[in-house]
$ cat protein-v6.txt   # compact mmCIF, C-alpha atoms
# COMPACT_ATOMS: atom_id res chain seq x y z
CA MET I 1 -21.60 27.59 -16.61
CA GLY I 2 -18.93 27.72 -13.99
CA PRO I 3 -15.61 29.42 -14.40
CA GLU I 4 -13.61 28.27 -17.40
CA ARG I 5 -11.33 25.42 -16.38
CA ASN I 6 -8.32 24.16 -18.18
CA MET I 7 -8.99 20.43 -18.27
CA LYS I 8 -6.13 19.80 -20.69
CA THR I 9 -2.59 19.31 -19.57
CA GLU I 10 0.70 18.98 -21.42
CA ILE I 11 2.76 15.92 -20.64
CA ALA I 12 6.21 14.90 -21.85
CA PHE I 13 7.79 11.61 -20.94
CA THR I 14 10.07 8.87 -22.22
CA LEU I 15 8.16 5.94 -23.69
CA ASN I 16 10.13 2.79 -24.44
CA GLY I 17 13.23 4.92 -24.83
CA PHE I 18 11.68 7.56 -27.09
CA PRO I 19 10.57 11.03 -26.00
CA VAL I 20 6.86 11.74 -26.44
CA SER I 21 4.86 14.84 -25.64
CA LEU I 22 1.17 15.41 -25.98
CA SER I 23 -1.79 17.31 -24.64
CA VAL I 24 -4.26 15.16 -22.69
CA SER I 25 -7.37 15.65 -20.61
CA ALA I 26 -6.31 15.83 -16.98
CA HIS I 27 -8.64 13.04 -15.93
CA LYS I 28 -7.14 10.52 -18.38
CA ARG I 29 -5.33 7.53 -17.01
CA LEU I 30 -1.92 6.45 -18.25
CA LEU I 31 -3.71 3.40 -19.68
CA ASP I 32 -5.97 5.61 -21.85
CA VAL I 33 -3.03 7.63 -23.09
CA LEU I 34 -1.09 4.51 -24.06
CA ARG I 35 -3.96 2.71 -25.76
CA TYR I 36 -5.98 5.53 -27.31
CA ASP I 37 -3.71 8.56 -27.71
CA LEU I 38 -0.58 6.61 -28.63
CA GLY I 39 -2.10 3.43 -30.10
CA LEU I 40 -0.04 1.03 -27.99
CA THR I 41 -2.68 -1.60 -27.33
CA GLY I 42 -0.34 -4.21 -25.89
CA THR I 43 -1.19 -2.94 -22.42
CA LYS I 44 -4.60 -4.40 -21.55
CA GLU I 45 -7.49 -3.21 -19.44
CA GLY I 46 -8.97 -5.96 -17.31
CA CYS I 47 -10.69 -4.78 -14.17
CA GLY I 48 -9.70 -1.12 -14.29
CA GLU I 49 -9.44 -1.16 -10.50
CA GLY I 50 -5.91 -2.35 -9.76
CA GLU I 51 -6.91 -5.93 -8.97
CA CYS I 52 -5.95 -7.89 -12.07
CA GLY I 53 -2.63 -6.41 -13.21
CA ALA I 54 -3.38 -6.76 -16.94
CA CYS I 55 -2.41 -3.09 -17.38
CA THR I 56 0.98 -3.41 -15.63
CA VAL I 57 3.66 -1.12 -17.07
CA ILE I 58 6.98 0.03 -15.64
CA VAL I 59 7.35 3.64 -14.53
CA ASP I 60 10.80 4.75 -13.39
CA GLY I 61 11.81 1.12 -12.92
CA ARG I 62 8.80 0.04 -10.89
CA ALA I 63 5.73 -1.96 -11.90
CA VAL I 64 2.51 0.03 -11.62
CA ASN I 65 -1.12 -0.37 -12.66
CA ALA I 66 -1.62 1.96 -15.64
CA CYS I 67 -5.37 1.98 -14.90
CA LEU I 68 -4.79 3.77 -11.59
CA TYR I 69 -2.03 6.07 -12.79
CA PRO I 70 -3.22 9.61 -13.56
CA ALA I 71 -1.80 10.69 -16.92
CA PRO I 72 -0.54 14.04 -15.56
CA GLU I 73 1.71 12.15 -13.13
CA VAL I 74 3.69 10.54 -15.92
CA ASP I 75 5.16 13.89 -16.97
CA GLY I 76 8.96 13.73 -16.80
CA ARG I 77 9.09 10.00 -16.11
CA ARG I 78 10.35 6.92 -17.95
CA VAL I 79 7.67 4.46 -19.04
CA VAL I 80 8.25 0.99 -20.44
CA THR I 81 5.38 -1.04 -21.91
CA ILE I 82 5.27 -4.53 -23.42
CA GLU I 83 6.02 -2.95 -26.82
CA GLY I 84 9.33 -1.72 -25.42
CA LEU I 85 10.71 -5.14 -24.58
CA MET I 86 11.74 -6.19 -28.09
CA ASP I 87 15.42 -5.82 -28.86
CA PRO I 88 16.73 -3.58 -31.68
CA GLU I 89 16.55 -6.50 -34.17
CA ASN I 90 12.81 -6.78 -33.49
CA GLU I 91 13.34 -10.06 -31.64
CA LEU I 92 11.23 -10.89 -28.63
CA SER I 93 13.00 -10.47 -25.31
CA VAL I 94 14.22 -13.45 -23.29
CA ILE I 95 11.27 -13.17 -20.90
CA GLN I 96 8.74 -13.09 -23.77
CA LYS I 97 10.34 -16.04 -25.57
CA THR I 98 10.47 -18.05 -22.37
CA PHE I 99 6.79 -17.40 -21.68
CA VAL I 100 5.97 -18.71 -25.17
CA GLN I 101 8.24 -21.74 -24.90
CA SER I 102 7.02 -22.68 -21.42
CA GLY I 103 3.35 -22.67 -22.35
CA ALA I 104 2.86 -19.79 -19.93
CA ILE I 105 0.46 -18.16 -22.38
CA GLN I 106 -3.03 -19.53 -22.90
CA CYS I 107 -5.52 -16.87 -23.96
CA GLY I 108 -2.78 -14.29 -23.66
CA PHE I 109 -4.78 -11.46 -22.13
CA CYS I 110 -2.85 -11.41 -18.87
CA SER I 111 0.51 -12.00 -20.56
CA PRO I 112 1.62 -8.39 -21.16
CA GLY I 113 0.95 -7.57 -17.50
CA MET I 114 2.55 -10.80 -16.27
CA ILE I 115 5.61 -10.16 -18.42
CA MET I 116 5.99 -6.54 -17.28
CA ALA I 117 5.64 -7.57 -13.64
CA THR I 118 8.25 -10.27 -14.31
CA LYS I 119 10.60 -7.75 -15.93
CA ALA I 120 10.31 -5.40 -12.94
CA LEU I 121 11.01 -8.33 -10.61
CA LEU I 122 14.04 -9.68 -12.49
CA ASP I 123 15.54 -6.20 -12.95
CA GLU I 124 15.48 -5.81 -9.18
CA ASN I 125 16.09 -9.40 -8.12
CA PRO I 126 17.79 -11.52 -10.84
CA ASP I 127 17.56 -14.78 -8.88
CA PRO I 128 14.18 -14.91 -7.12
CA THR I 129 12.88 -17.89 -5.16
CA ASP I 130 9.53 -19.40 -6.16
CA GLU I 131 8.02 -17.64 -3.18
CA GLU I 132 9.41 -14.30 -4.33
CA ILE I 133 8.10 -14.93 -7.84
CA ARG I 134 4.62 -15.67 -6.52
CA ALA I 135 4.74 -12.59 -4.26
CA ALA I 136 5.77 -10.37 -7.18
CA LEU I 137 2.95 -11.72 -9.37
CA LEU I 138 0.26 -11.63 -6.68
CA GLY I 139 -1.27 -8.59 -8.36
CA ASN I 140 -1.59 -10.33 -11.74
CA LEU I 141 -4.55 -12.59 -12.35
CA CYS I 142 -4.62 -15.28 -15.05
CA ARG I 143 -8.19 -16.18 -15.91
CA CYS I 144 -7.00 -19.40 -17.57
CA THR I 145 -5.29 -20.22 -14.23
CA GLY I 146 -2.00 -21.15 -15.85
CA TYR I 147 -0.04 -20.08 -12.81
CA VAL I 148 2.26 -23.10 -12.57
CA GLN I 149 3.61 -22.59 -16.09
CA ILE I 150 3.92 -18.86 -15.46
CA VAL I 151 6.03 -19.33 -12.33
CA GLU I 152 8.14 -21.88 -14.22
CA ALA I 153 8.62 -19.44 -17.09
CA VAL I 154 9.81 -16.73 -14.70
CA ARG I 155 12.28 -19.10 -13.08
CA LEU I 156 13.56 -20.25 -16.48
CA ALA I 157 13.83 -16.68 -17.77
CA ALA I 158 15.86 -15.78 -14.68
CA GLU I 159 18.26 -18.67 -15.42
CA LYS I 160 18.62 -17.67 -19.09
CA LEU I 161 19.26 -14.02 -18.21
CA GLU I 162 21.80 -15.10 -15.61
CA LYS I 163 23.76 -17.09 -18.23
CA ARG I 164 23.88 -14.06 -20.52
CA ARG I 165 25.54 -11.93 -17.86
CA MET Z 1 -19.32 15.37 -18.30
CA ILE Z 2 -16.46 13.74 -16.42
CA GLY Z 3 -13.44 15.87 -15.99
CA TYR Z 4 -11.34 17.60 -13.46
CA THR Z 5 -8.31 19.79 -13.25
CA TYR Z 6 -5.19 18.15 -11.91
CA GLN Z 7 -2.53 20.21 -10.19
CA LYS Z 8 0.87 19.10 -9.01
CA PRO Z 9 2.29 21.53 -6.47
CA GLY Z 10 5.97 21.18 -5.61
CA SER Z 11 5.65 22.35 -2.02
CA VAL Z 12 3.19 22.26 0.85
CA ALA Z 13 2.89 26.07 0.71
CA GLU Z 14 1.92 25.90 -2.96
CA ALA Z 15 -0.60 23.13 -2.20
CA PHE Z 16 -2.31 25.37 0.35
CA ARG Z 17 -2.38 28.29 -2.12
CA LEU Z 18 -4.04 26.11 -4.73
CA LYS Z 19 -6.55 24.88 -2.17
CA GLU Z 20 -7.43 28.48 -1.29
CA ASP Z 21 -7.98 29.26 -4.98
CA THR Z 22 -10.04 26.10 -5.52
CA PRO Z 23 -11.74 25.24 -2.22
CA GLU Z 24 -13.69 22.36 -3.77
CA ALA Z 25 -10.46 20.60 -4.81
CA LEU Z 26 -9.53 17.31 -3.15
CA PHE Z 27 -6.01 16.49 -2.05
CA VAL Z 28 -4.84 13.19 -3.50
CA ALA Z 29 -1.84 11.03 -2.60
CA GLY Z 30 -1.02 7.87 -4.62
CA GLY Z 31 -4.61 7.72 -5.84
CA THR Z 32 -4.90 3.93 -5.78
CA ASP Z 33 -8.20 4.16 -3.89
CA LEU Z 34 -9.47 7.48 -5.23
CA MET Z 35 -9.03 6.51 -8.89
CA VAL Z 36 -11.27 3.49 -8.32
CA LYS Z 37 -13.88 5.62 -6.56
CA ILE Z 38 -13.84 8.12 -9.42
CA LYS Z 39 -14.24 5.34 -11.97
CA ASN Z 40 -17.23 3.95 -10.08
CA ARG Z 41 -18.72 7.46 -9.73
CA GLU Z 42 -18.62 7.29 -5.94
CA VAL Z 43 -16.69 10.55 -6.04
CA SER Z 44 -16.87 13.17 -8.78
CA PRO Z 45 -14.23 15.76 -8.00
CA LYS Z 46 -14.03 19.01 -9.95
CA ALA Z 47 -10.38 19.45 -9.12
CA LEU Z 48 -7.55 17.38 -7.68
CA ILE Z 49 -4.40 18.60 -6.00
CA SER Z 50 -1.81 15.85 -6.13
CA LEU Z 51 0.70 15.81 -3.28
CA ARG Z 52 2.93 13.25 -4.99
CA SER Z 53 5.52 15.77 -6.19
CA VAL Z 54 5.88 17.53 -2.86
CA ALA Z 55 9.49 16.72 -1.92
CA GLU Z 56 9.14 17.74 1.74
CA LEU Z 57 6.49 15.03 2.23
CA GLN Z 58 8.80 12.26 1.01
CA GLY Z 59 11.22 10.01 2.79
CA ILE Z 60 12.12 8.61 6.18
CA ALA Z 61 14.36 10.39 8.69
CA VAL Z 62 15.50 9.39 12.17
CA ARG Z 63 15.60 12.31 14.56
CA GLY Z 64 15.01 10.56 17.87
CA ALA Z 65 11.58 9.52 16.69
CA VAL Z 66 11.34 8.18 13.16
CA HIS Z 67 9.69 10.74 10.88
CA ILE Z 68 7.94 9.25 7.88
CA GLY Z 69 6.79 11.69 5.21
CA ALA Z 70 3.16 11.13 4.33
CA MET Z 71 3.96 10.69 0.62
CA THR Z 72 6.46 7.90 1.28
CA SER Z 73 5.36 4.96 -0.83
CA ILE Z 74 4.56 1.66 0.82
CA SER Z 75 7.37 0.01 -1.19
CA GLU Z 76 9.86 2.57 0.05
CA LEU Z 77 8.77 1.90 3.61
CA ILE Z 78 9.36 -1.83 3.12
CA ARG Z 79 12.80 -1.27 1.60
CA ASN Z 80 13.98 1.07 4.37
CA GLU Z 81 16.67 -0.54 6.56
CA VAL Z 82 15.73 1.34 9.74
CA MET Z 83 12.11 0.32 9.41
CA ARG Z 84 13.00 -3.32 8.79
CA GLU Z 85 15.30 -3.48 11.78
CA LYS Z 86 13.42 -1.41 14.36
CA TYR Z 87 9.76 -1.52 13.36
CA PRO Z 88 9.26 -4.93 11.70
CA VAL Z 89 5.55 -4.96 12.61
CA LEU Z 90 4.91 -2.02 10.27
CA VAL Z 91 6.99 -3.57 7.50
CA LYS Z 92 5.15 -6.89 7.83
CA ALA Z 93 1.79 -5.16 7.57
CA ALA Z 94 2.97 -2.99 4.67
CA ARG Z 95 4.01 -6.12 2.76
CA ARG Z 96 0.42 -7.34 2.95
CA LEU Z 97 -1.01 -4.13 1.50
CA GLY Z 98 -2.35 -4.80 -1.99
CA SER Z 99 -0.04 -5.99 -4.76
CA ARG Z 100 3.46 -4.88 -5.65
CA GLN Z 101 2.01 -2.59 -8.32
CA ILE Z 102 -0.21 -0.93 -5.70
CA ARG Z 103 2.57 -0.66 -3.10
CA ASN Z 104 4.84 1.09 -5.60
CA VAL Z 105 2.33 3.93 -5.87
CA ALA Z 106 0.23 3.90 -2.68
CA THR Z 107 1.54 6.05 0.17
CA LEU Z 108 1.53 5.78 3.94
CA GLY Z 109 -0.40 9.05 4.24
CA GLY Z 110 -2.96 7.93 1.70
CA ASN Z 111 -3.52 4.62 3.45
CA LEU Z 112 -4.18 6.43 6.75
CA CYS Z 113 -6.21 9.38 5.43
CA ASN Z 114 -8.45 7.09 3.41
CA CYS Z 115 -9.55 6.11 6.89
CA SER Z 116 -10.67 2.60 6.15
CA PRO Z 117 -11.17 0.29 9.13
CA CYS Z 118 -9.02 -2.24 7.26
CA ALA Z 119 -6.08 0.10 6.49
CA ASP Z 120 -3.11 -2.24 6.74
CA THR Z 121 -0.63 0.29 8.13
CA ALA Z 122 -2.99 1.59 10.82
CA THR Z 123 -2.87 -1.16 13.45
CA PRO Z 124 0.94 -1.49 13.56
CA LEU Z 125 1.23 2.29 13.89
CA LEU Z 126 -1.34 2.28 16.70
CA VAL Z 127 0.63 -0.27 18.73
CA LEU Z 128 3.81 1.72 18.06
CA GLU Z 129 1.99 4.75 19.55
CA ALA Z 130 2.58 6.79 16.42
CA ARG Z 131 1.71 10.47 16.25
CA ALA Z 132 0.50 12.43 13.25
CA LEU Z 133 1.63 15.89 12.15
CA LEU Z 134 -1.17 17.84 10.52
CA GLN Z 135 -0.68 21.12 8.71
CA ASN Z 136 -2.74 23.88 7.13
CA HIS Z 137 -1.78 27.35 5.90
CA LEU Z 138 -1.88 28.66 9.48
CA GLY Z 139 0.39 26.12 11.10
CA THR Z 140 1.01 22.64 12.39
CA ARG Z 141 -0.56 20.47 15.07
CA GLU Z 142 0.51 17.10 16.41
CA ILE Z 143 -2.02 14.48 17.50
CA PRO Z 144 -1.87 10.86 18.56
CA LEU Z 145 -2.56 8.85 15.39
CA VAL Z 146 -5.53 7.16 17.03
CA LYS Z 147 -7.33 10.55 16.99
CA LEU Z 148 -7.02 10.81 13.20
CA PHE Z 149 -9.67 8.16 12.63
CA LYS Z 150 -13.24 9.38 13.15
CA GLN Z 151 -15.39 7.00 11.17
CA PRO Z 152 -15.14 4.97 7.97
CA GLY Z 153 -13.75 7.29 5.30
CA GLU Z 154 -13.64 10.28 7.63
CA THR Z 155 -10.56 11.61 9.37
CA CYS Z 156 -10.34 14.48 11.83
CA LEU Z 157 -8.58 16.56 9.14
CA ALA Z 158 -10.13 19.93 8.36
CA THR Z 159 -10.79 20.41 4.63
CA ASP Z 160 -7.76 22.70 4.30
CA GLU Z 161 -5.50 20.42 6.32
CA ILE Z 162 -3.10 17.65 5.27
CA LEU Z 163 -1.23 14.91 7.08
CA THR Z 164 2.45 15.72 6.57
CA GLN Z 165 4.39 13.29 8.78
CA VAL Z 166 3.91 10.17 10.85
CA LEU Z 167 6.14 10.01 13.93
CA ILE Z 168 7.10 6.76 15.63
CA PRO Z 169 8.67 7.16 19.07
CA ALA Z 170 12.11 5.60 19.56
CA PHE Z 171 11.09 3.83 22.78
CA ASN Z 172 8.97 1.35 20.89
CA ALA Z 173 11.78 0.21 18.60
CA THR Z 174 12.66 -3.48 18.61
CA ARG Z 175 16.12 -3.52 20.22
CA LYS Z 176 18.17 -6.21 21.88
CA GLY Z 177 17.64 -6.18 25.64
CA SER Z 178 14.57 -3.90 25.52
CA GLY Z 179 12.15 -6.81 25.82
CA VAL Z 180 10.02 -5.22 23.04
CA ARG Z 181 8.57 -7.68 20.57
CA THR Z 182 5.87 -7.29 17.96
CA ILE Z 183 3.68 -9.40 15.72
CA PHE Z 184 1.16 -8.85 12.91
CA PHE Z 185 -1.62 -11.09 11.63
CA LYS Z 186 -4.00 -10.58 8.76
CA GLN Z 187 -6.78 -12.78 7.47
CA GLY Z 188 -8.15 -12.26 3.98
CA ARG Z 189 -10.05 -14.54 1.63
CA VAL Z 190 -7.00 -14.78 -0.59
CA LYS Z 191 -3.48 -13.49 -0.02
CA MET Z 192 -4.03 -10.18 -1.82
CA ASP Z 193 -7.24 -8.95 -0.25
CA LEU Z 194 -8.70 -6.43 2.13
CA ALA Z 195 -8.50 -7.80 5.65
CA VAL Z 196 -11.42 -9.76 7.07
CA ALA Z 197 -9.61 -9.02 10.32
CA SER Z 198 -6.10 -8.04 11.32
CA LEU Z 199 -4.19 -7.61 14.56
CA SER Z 200 -0.96 -5.95 15.64
CA VAL Z 201 0.56 -6.56 19.06
CA LEU Z 202 3.51 -4.96 20.84
CA LEU Z 203 4.61 -6.60 24.05
CA GLN Z 204 7.35 -5.52 26.42
CA THR Z 205 8.17 -7.96 29.18
CA LYS Z 206 10.63 -8.35 31.99
CA GLY Z 207 10.91 -12.03 32.76
CA ASN Z 208 7.34 -13.19 32.62
CA ARG Z 209 5.88 -9.87 33.67
CA VAL Z 210 4.18 -7.67 31.09
CA LYS Z 211 5.58 -4.14 31.32
CA LYS Z 212 3.72 -2.85 28.30
CA ALA Z 213 1.03 -4.29 26.05
CA ARG Z 214 -0.37 -2.59 22.96
CA LEU Z 215 -2.98 -4.28 20.80
CA ALA Z 216 -4.85 -2.91 17.80
CA ALA Z 217 -7.32 -4.67 15.53
CA GLY Z 218 -8.43 -3.85 11.98
CA SER Z 219 -11.73 -4.48 10.14
CA VAL Z 220 -13.63 -5.15 13.38
CA ALA Z 221 -14.95 -1.67 14.22
CA PRO Z 222 -15.78 1.55 12.34
CA VAL Z 223 -12.12 2.60 12.70
CA PRO Z 224 -8.84 0.78 13.43
CA LEU Z 225 -9.27 -0.06 17.10
CA ARG Z 226 -6.91 -0.06 20.09
CA LEU Z 227 -7.92 -2.88 22.46
CA THR Z 228 -7.29 -0.87 25.62
CA ARG Z 229 -9.19 -3.19 27.95
CA VAL Z 230 -6.97 -6.08 26.89
CA GLU Z 231 -3.89 -3.88 27.37
CA ASP Z 232 -4.99 -2.97 30.91
CA LEU Z 233 -5.61 -6.60 31.74
CA LEU Z 234 -2.15 -7.69 30.60
CA GLU Z 235 0.01 -4.89 31.96
CA GLY Z 236 1.55 -5.64 35.34
CA ASP Z 237 0.49 -9.26 35.26
CA ASN Z 238 2.49 -12.41 34.56
CA LEU Z 239 1.91 -14.19 31.27
CA SER Z 240 0.07 -17.46 31.73
CA SER Z 241 -2.34 -19.61 29.77
CA SER Z 242 -5.24 -18.40 31.87
CA LEU Z 243 -4.28 -14.73 31.37
CA ILE Z 244 -4.13 -15.29 27.62
CA ALA Z 245 -7.54 -16.97 27.67
CA GLU Z 246 -8.96 -13.98 29.53
CA ALA Z 247 -7.28 -11.58 27.04
CA ARG Z 248 -8.91 -13.47 24.19
CA ARG Z 249 -12.33 -13.24 25.80
CA LEU Z 250 -11.94 -9.50 26.45
CA ALA Z 251 -10.77 -8.89 22.87
CA GLU Z 252 -13.85 -10.66 21.48
CA GLU Z 253 -15.97 -8.50 23.76
CA SER Z 254 -14.23 -5.24 22.78
CA VAL Z 255 -14.74 -5.35 19.03
CA LYS Z 256 -17.81 -4.18 17.12
CA PRO Z 257 -17.59 -5.99 13.79
CA ILE Z 258 -20.11 -5.68 11.00
CA THR Z 259 -21.34 -8.30 8.57
CA ASP Z 260 -20.61 -7.44 4.96
CA ILE Z 261 -19.67 -9.00 1.63
CA ARG Z 262 -16.30 -10.16 3.00
CA SER Z 263 -17.31 -11.80 6.25
CA SER Z 264 -19.92 -12.18 8.94
CA GLY Z 265 -19.43 -10.13 12.07
CA GLU Z 266 -19.42 -13.32 14.08
CA TYR Z 267 -16.50 -14.74 12.12
CA ARG Z 268 -14.55 -11.49 12.47
CA ARG Z 269 -15.02 -11.56 16.24
CA HIS Z 270 -13.85 -15.16 16.35
CA ILE Z 271 -10.77 -14.43 14.23
CA VAL Z 272 -9.73 -11.53 16.46
CA GLY Z 273 -9.94 -13.82 19.49
CA VAL Z 274 -7.83 -16.46 17.76
CA PHE Z 275 -5.31 -13.81 16.69
CA VAL Z 276 -4.99 -12.44 20.24
CA LYS Z 277 -4.37 -15.91 21.63
CA ARG Z 278 -1.91 -16.83 18.89
CA ALA Z 279 -0.07 -13.50 19.14
CA LEU Z 280 0.38 -13.64 22.89
CA GLU Z 281 1.44 -17.29 22.85
CA THR Z 282 3.96 -16.64 20.10
CA LEU Z 283 5.42 -13.57 21.79
CA TRP Z 284 5.51 -15.38 25.13
CA ALA Z 285 7.48 -18.25 23.58
CA ARG Z 286 9.87 -15.75 22.00
CA SER Z 287 10.60 -14.18 25.40
CA GLU Z 288 11.79 -17.44 26.87
CA THR Z 289 14.68 -17.83 24.42

$ encode --input "protein-v6.txt" --output "structure tokens"
Amino acid sequence: MGPERNMKTEIAFTLNGFPVSLSVSAHKRLLDVLRYDLGLTGTKEGCGEGECGACTVIVDGRAVNACLYPAPEVDGRRVVTIEGLMDPENELSVIQKTFVQSGAIQCGFCSPGMIMATKALLDENPDPTDEEIRAALLGNLCRCTGYVQIVEAVRLAAEKLEKRR
Amino acid sequence: MIGYTYQKPGSVAEAFRLKEDTPEALFVAGGTDLMVKIKNREVSPKALISLRSVAELQGIAVRGAVHIGAMTSISELIRNEVMREKYPVLVKAARRLGSRQIRNVATLGGNLCNCSPCADTATPLLVLEARALLQNHLGTREIPLVKLFKQPGETCLATDEILTQVLIPAFNATRKGSGVRTIFFKQGRVKMDLAVASLSVLLQTKGNRVKKARLAAGSVAPVPLRLTRVEDLLEGDNLSSSLIAEARRLAEESVKPITDIRSSGEYRRHIVGVFVKRALETLWARSET
């Protein structure tokens, strides 16, 4: 036996607007913490290697792959997952509704990641061109290959959000 | 059992102290490559020292040369106004690194220290004649960036040493009237992919005469490669179709590409030749306006 190591670490962060704190193994990924420690299974694991984007969440305003994000790094940060997009009346957000209405969801596995990547894009750039939409979603794979509807949904969601302003 | 300790020092000095206490620990930057290697059991660290929270390694400052902190994220690099205006070749290459999710977390220092022959930020920095600041608990040394790369996955860093800053000299900035122009090409199977081959070129001309030529190619040798023979051929000569054809031939001769899952060596060599021709023709046309 080697020297005793403290493999556990305390983390405290804001999750979908609420403070959470817990003790996790240092080698856990943010994805594990969300799905297994906190039970938020909306965030999906596809490849686990940062290729598919199914695990996309927003940390401090920026889209990241939760499968590559060490849990200890989330300490002190603001995390938003797909579960955090609903409004206070438990209604789906504009982006979510538009994805549903546009047929941008087929099997649905990529949808949480697509929607979080879309949210990060529209928060930063409310009126993206098709090229900018495709560039922002380059790290999100849809196995059903419904990309055309997805790009349309993002464009439509941008228009709807613009009208609300 | 899988498991490691994870420490987040707030300063370089603290990072070195932790490394002294735990010599087997690995330094980690954004972790977008290391996390994959850990998952696939290619690396099984006992301890990680994350440099992400070290404030002195963050950000971009202009003090004559541009100083880029090693923990500056790729996204931050792309958003920086000075970089966009003066060093567009680096910004172009950075935009082609991974996906937006990766770029938000991956760092310049991590991309370089991972020491992959296909590192997207390496070839633009080589043509910009960047220098690297390395530091350990004893002090700092400055080296030309090209010396950082030893072989795939292996830098010249000592185990207790970290890359702290990347310096880009002011004389290679793209400015009106300087005659400096740059270009970047990357070929992957799909848009978001590791490069099958990539090329950065910096050209400074006066009239038709080449004052300075810098070319660097990625994914065609064990490390990101300066094409010095091509540079020597071009410098002092007048741009012409025959000179460009000769440059292409020399470039194809200079590279040592391997065949792997992504491409045959033969195809990589061909692509580099095409890139050299296309780059020089494009930059030549730009000089005439």

$ closest_atom_pairs --input "protein-v6.txt" --of "chain Z" --to "chain I" --cutoff "6 Å" --atoms "only C-alpha atoms" --output "CSV"
residue,atom,partner,partner_atom,distance
Z:Gly3,CA,I:His27,CA,5.6
Z:Tyr4,CA,I:His27,CA,5.8
Z:Thr5,CA,I:Met7,CA,5.1
Z:Tyr6,CA,I:Ala26,CA,5.7
Z:Thr32,CA,I:Leu68,CA,5.8
Z:Met35,CA,I:Leu68,CA,5.7
Z:Val36,CA,I:Glu49,CA,5.5
Z:Ser99,CA,I:Gly139,CA,4.6
Z:Gln101,CA,I:Val64,CA,4.2

$ closest_residue --input "protein-v6.txt" --among "I:Thr81, I:Ser21, I:Gln101, I:Thr14" --to "I:Met114" --atoms "only C-alpha atoms"
I:Thr81

$ atom_distance --input "protein-v6.txt" --atom1 "atom CA of Z:Ala70" --atom2 "atom CA of Z:Val166"
6.6 Å

$ axis_aligned_box --input "protein-v6.txt" --around "stretch 114-132 of chain I" --padding-each-side "5 Å" --output "JSON"
{"center_x": 10.2, "center_y": -12.4, "center_z": -10.8, "size_x": 25.2, "size_y": 24.0, "size_z": 25.2}

$ atom_distance --input "protein-v6.txt" --atom1 "atom CA of Z:Arg131" --atom2 "atom CA of Z:Ile162"
14.0 Å

$ closest_residue --input "protein-v6.txt" --among "Z:Leu227, Z:Phe184, Z:Val255, Z:Asp260" --to "Z:Arg278" --atoms "only C-alpha atoms"
Z:Phe184

$ residues_around --input "protein-v6.txt" --residues "Z:Ser242" --least-positions-apart "4" --cutoff "12 Å" --atoms "all atoms listed in the file" --output "VMD selection string"
chain Z and resid 233 to 234 237 to 238 246 to 249 277 280 to 281

$ write_last_selection --input "protein-v6.txt" --atoms "C-alpha atoms" --output "PDB file, keeping the file's coordinate frame"
ATOM      1  CA  LEU Z 233      -5.610  -6.600  31.740  1.00  0.00           C
ATOM      2  CA  LEU Z 234      -2.150  -7.690  30.600  1.00  0.00           C
ATOM      3  CA  ASP Z 237       0.490  -9.260  35.260  1.00  0.00           C
ATOM      4  CA  ASN Z 238       2.490 -12.410  34.560  1.00  0.00           C
ATOM      5  CA  GLU Z 246      -8.960 -13.980  29.530  1.00  0.00           C
ATOM      6  CA  ALA Z 247      -7.280 -11.580  27.040  1.00  0.00           C
ATOM      7  CA  ARG Z 248      -8.910 -13.470  24.190  1.00  0.00           C
ATOM      8  CA  ARG Z 249     -12.330 -13.240  25.800  1.00  0.00           C
ATOM      9  CA  LYS Z 277      -4.370 -15.910  21.630  1.00  0.00           C
ATOM     10  CA  LEU Z 280       0.380 -13.640  22.890  1.00  0.00           C
ATOM     11  CA  GLU Z 281       1.440 -17.290  22.850  1.00  0.00           C
TER      12      GLU Z 281
END

$ residues_around --input "protein-v6.txt" --residues "Z:Glu129" --least-positions-apart "4" --cutoff "9 Å" --atoms "all atoms listed in the file" --output "PyMOL selection string"
chain Z and resi 124-125+144-146+167-169+172+214

$ atom_distance --input "protein-v6.txt" --atom1 "atom CA of Z:Leu77" --atom2 "atom CA of I:Asp127"
22.6 Å

$ residues_near_point --input "protein-v6.txt" --point "(8.3, 11.4, 4.7)" --cutoff "7 Å" --atoms "only C-alpha atoms" --output "number ranges by chain"
Z: 57-60, 67-72, 165

$ closest_residue --input "protein-v6.txt" --among "I:Val154, I:Leu161, I:Cys144, I:Gln149" --to "I:Glu132" --atoms "all atoms listed in the file"
I:Val154
